[in-house]
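Notes follow once the structure below has been shown.
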Amino acid sequence: MTAAAAASSPRAQLLDCADFTDAAHRVLPGDVWDFIAGGAGRERTLAANEAAFASVRLRPRGLAAVGEPDTTVRVFGTRWGAPLGVAPLAYHGLAHSDGEAGTAKAAAELGLPLIVSTFAGQPLERIRAAAGEAAPLWLQLYCFRDQEVTEGLARRAAAAGYQALVVTADTPYMGRRLRDLRNDFRIPPHIRPVNLPPAAAHQAPSGSAATGPDSPAAHSRSAFRADQDWTIVDRLRRISGLPVVVKGVMTGQDTHAAISAGAEGVIVSNHGGRQLDGAPAALDALPEVVTAVGGSVPVFLDGGVRSGADAFTALALGANAAFVGRPALYALAADGASGVRQLLSIMSGELADTMVFTGHRTVPSIDATAVEMPR
């Protein structure tokens with residue numbers, strides 16, 4: 001039975017993120033599940049991301065006369081249906097044949113943003129067409145040894161109507177992910193990073209053998225530029241004419257560096273616990289980054305967001321929006337683009353409910369008085 005068929009049973013309805021997770025686990029091959037679900041090392045940071053949200057308590061308000069809350073926000077001049085979006089995830093085709101185009105269509109129908117990964121399995125232009133011209137769509141970039149590869153992707157995104165670039169700062173190469181090592185995980189031959197030129201897909205430093213993208217960890221070692229500095233931010237901004245957001249900011253020090261380099265936004269993220277095991281939970285790092293930003297640029301968060309209430313918590317601690325990662329692929333695995341739309345709709349509804357129960361009619365009114373932090 002497929003996940004979609006199982007979901008048709010009243011006893012197996014997909015009602016929250018956990019339901020989609022379970023459905024995906026049932027249908028995905030074991031090594032693919034581990035590639036998506038796993039983290040680096042002993043997966044301490046992976047677990048901490050969700051645990052941090054679980055430790056926060058929400059403060060209810062009575063007779064607050066909220067009525068119907070307004071969840072909309074504006075980011076970089078574009079209206080979003082809610083301060084909620086889909087984080088960059090490689091190879092959506094591993095979860096379902098709808099791929100990135102399906103995810104983009106689902107998010108766009110709700111007015112929510114998608115950050116497309118450098119390692120998308122479908123062309124940037126096809127993803128833009130699926131989302132529609134006005135939908136919020138950003139492109140995530142890694143820093144390649146061949147600078148023209150990174151810059152070419154930035155130019156191509158601008159030409160295709162993407163609205164921002166997201167530079168991932170925490171990945172000079174991939175972290176040590178034990179599940180993938182034990183499985184000797186390989187990307188299937190029918191799924192490829194189609195937006196990279198062939199040379200970049202098999203790039204290697206001088207004097208070493210080229211490594212193909214079927215082995216993500218080895219490919220990152222050979223293709224990524226591990227000595228990249230902050231100058232990439234201004235260069236990409238000038239080349240593309242787009243705002244550049246830096247993803248992987250976890251400290252005030254890096255926040256200041258990103259803004260000084262020309263970043264117009266930062267994403268507090270530990271790469272979903274897939275890079276430095278033992279790093280803090282993203283939510284725990286958020287207040288330091290918000291303080292360092294001082295309102296000068298938008299602050300976003302990903303890592304451990306599993307409900308609209310989690311997104312609300314991030315907003316209360318100073319984020320402008322929160323992005324979900326793995327849950328989007330779980331929803332895609334469960335029921336293709338329809339599953340993604342259903343999950344994002346559920347999470348948007350959970351956010352609206354939380355706003356009502358805590359007495360907030362609009363997103364800007366949400367602040368730290370709405371939560372109680374662990375002692």
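Lettering and numbering for the structure tokens are positional, with chains as A, B, ... in the shown order, residues counted from 1 in each chain, and ligands counted from 1 in the shown order.
When DSSP reads the backbone of this structure, the residues of stretch 88-156 of chain A it assigns to strand (DSSP E or B) are Leu114, Ile115, Val116, Leu137, Trp138, Leu139, Gln140, Leu141 and Phe144 of chain A.
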Selection to disk with N, CA and C atoms, as a tab-separated table (two decimals), in the first residue's frame:
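Dumped to part04.tsv:
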```
chain	number	residue	atom	x	y	z
A	114	LEU	N	9.88	28.83	-1.39
A	114	LEU	CA	10.72	27.64	-1.49
A	114	LEU	C	12.13	28.11	-1.79
A	115	ILE	N	13.10	27.57	-1.06
A	115	ILE	CA	14.51	27.79	-1.38
A	115	ILE	C	14.98	26.56	-2.15
A	116	VAL	N	15.31	26.76	-3.41
A	116	VAL	CA	15.73	25.66	-4.28
A	116	VAL	C	17.21	25.36	-4.05
A	137	LEU	N	10.52	32.55	-4.61
A	137	LEU	CA	11.43	31.47	-4.95
A	137	LEU	C	12.86	32.00	-4.81
A	138	TRP	N	13.67	31.33	-4.01
A	138	TRP	CA	15.08	31.70	-3.81
A	138	TRP	C	15.95	30.53	-4.26
A	139	LEU	N	17.22	30.81	-4.55
A	139	LEU	CA	18.16	29.76	-4.91
A	139	LEU	C	19.28	29.70	-3.89
A	140	GLN	N	19.51	28.49	-3.36
A	140	GLN	CA	20.61	28.25	-2.44
A	140	GLN	C	21.87	27.91	-3.23
A	141	LEU	N	23.02	28.42	-2.77
A	141	LEU	CA	24.28	28.20	-3.46
A	141	LEU	C	25.35	27.68	-2.50
A	144	PHE	N	31.71	26.71	-5.04
A	144	PHE	CA	32.48	25.72	-5.79
A	144	PHE	C	33.91	26.19	-6.03
```
Counting only C-alpha atoms, which residues of stretch 9-49 of chain A sit at most 12 Å from some atom of stretch 252-269 of chain A, and what is each one's closest atom pair with its distance in Å to one decimal, listed by chain and rising residue number, as a tab-separated table?
```
residue	atom	partner	partner_atom	distance
A:Thr45	CA	A:Ser269	CA	11.0
A:Leu46	CA	A:Ser269	CA	11.3
A:Asn49	CA	A:Ser269	CA	9.6
```
Go ahead and save the residues from that selection, with all heavy atoms, as a PDB file, in the first residue's frame.
```
ATOM      1  N   THR A  45      23.096  17.065  17.663  1.00  0.00           N
ATOM      2  CA  THR A  45      22.508  18.333  17.238  1.00  0.00           C
ATOM      3  C   THR A  45      21.191  18.109  16.526  1.00  0.00           C
ATOM      4  O   THR A  45      20.253  18.901  16.660  1.00  0.00           O
ATOM      5  CB  THR A  45      23.498  19.100  16.347  1.00  0.00           C
ATOM      6  OG1 THR A  45      24.678  19.369  17.108  1.00  0.00           O
ATOM      7  CG2 THR A  45      22.913  20.411  15.855  1.00  0.00           C
ATOM      8  N   LEU A  46      21.104  17.024  15.754  1.00  0.00           N
ATOM      9  CA  LEU A  46      19.848  16.668  15.104  1.00  0.00           C
ATOM     10  C   LEU A  46      18.739  16.551  16.147  1.00  0.00           C
ATOM     11  O   LEU A  46      17.648  17.117  15.981  1.00  0.00           O
ATOM     12  CB  LEU A  46      20.019  15.348  14.354  1.00  0.00           C
ATOM     13  CG  LEU A  46      18.776  14.716  13.742  1.00  0.00           C
ATOM     14  CD1 LEU A  46      18.189  15.601  12.670  1.00  0.00           C
ATOM     15  CD2 LEU A  46      19.109  13.331  13.172  1.00  0.00           C
ATOM     16  N   ASN A  49      17.728  20.001  17.935  1.00  0.00           N
ATOM     17  CA  ASN A  49      16.887  20.949  17.208  1.00  0.00           C
ATOM     18  C   ASN A  49      15.421  20.824  17.596  1.00  0.00           C
ATOM     19  O   ASN A  49      14.741  21.824  17.847  1.00  0.00           O
ATOM     20  CB  ASN A  49      17.044  20.740  15.701  1.00  0.00           C
ATOM     21  CG  ASN A  49      18.248  21.453  15.127  1.00  0.00           C
ATOM     22  OD1 ASN A  49      18.794  22.373  15.729  1.00  0.00           O
ATOM     23  ND2 ASN A  49      18.682  21.031  13.949  1.00  0.00           N
TER      24      ASN A  49
END
```
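Distances here use only C-alpha atoms; by that measure, the residue among A:Pro298, A:His219, A:Pro189, A:Asp227 closest to A:Val244 is A:Pro298.
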Could you please write out, as JSON, numbers by chain, every residue of stretch 11-248 of chain A that DSSP assigns to alpha helix (DSSP H)?
-> {"A": [17, 18, 19, 20, 21, 22, 23, 24, 25, 26, 27, 30, 31, 32, 33, 34, 35, 36, 37, 44, 45, 46, 47, 48, 49, 50, 51, 52, 53, 54, 99, 100, 101, 102, 103, 104, 105, 106, 107, 108, 109, 124, 125, 126, 127, 128, 129, 130, 131, 147, 148, 149, 150, 151, 152, 153, 154, 155, 156, 157, 158, 159, 178, 179, 180, 181, 182, 183, 198, 199, 200, 201, 216, 217, 218, 219, 220, 221, 222, 223, 231, 232, 233, 234, 235, 236, 237, 238, 239, 240]}
Could you give me, as a ChimeraX atom specification, the residues within 7 Å of stretch 32-35 of chain A, counting only C-alpha atoms and dropping anything in the same chain fewer than 4 positions from it?
-> /A:25,28,179-180
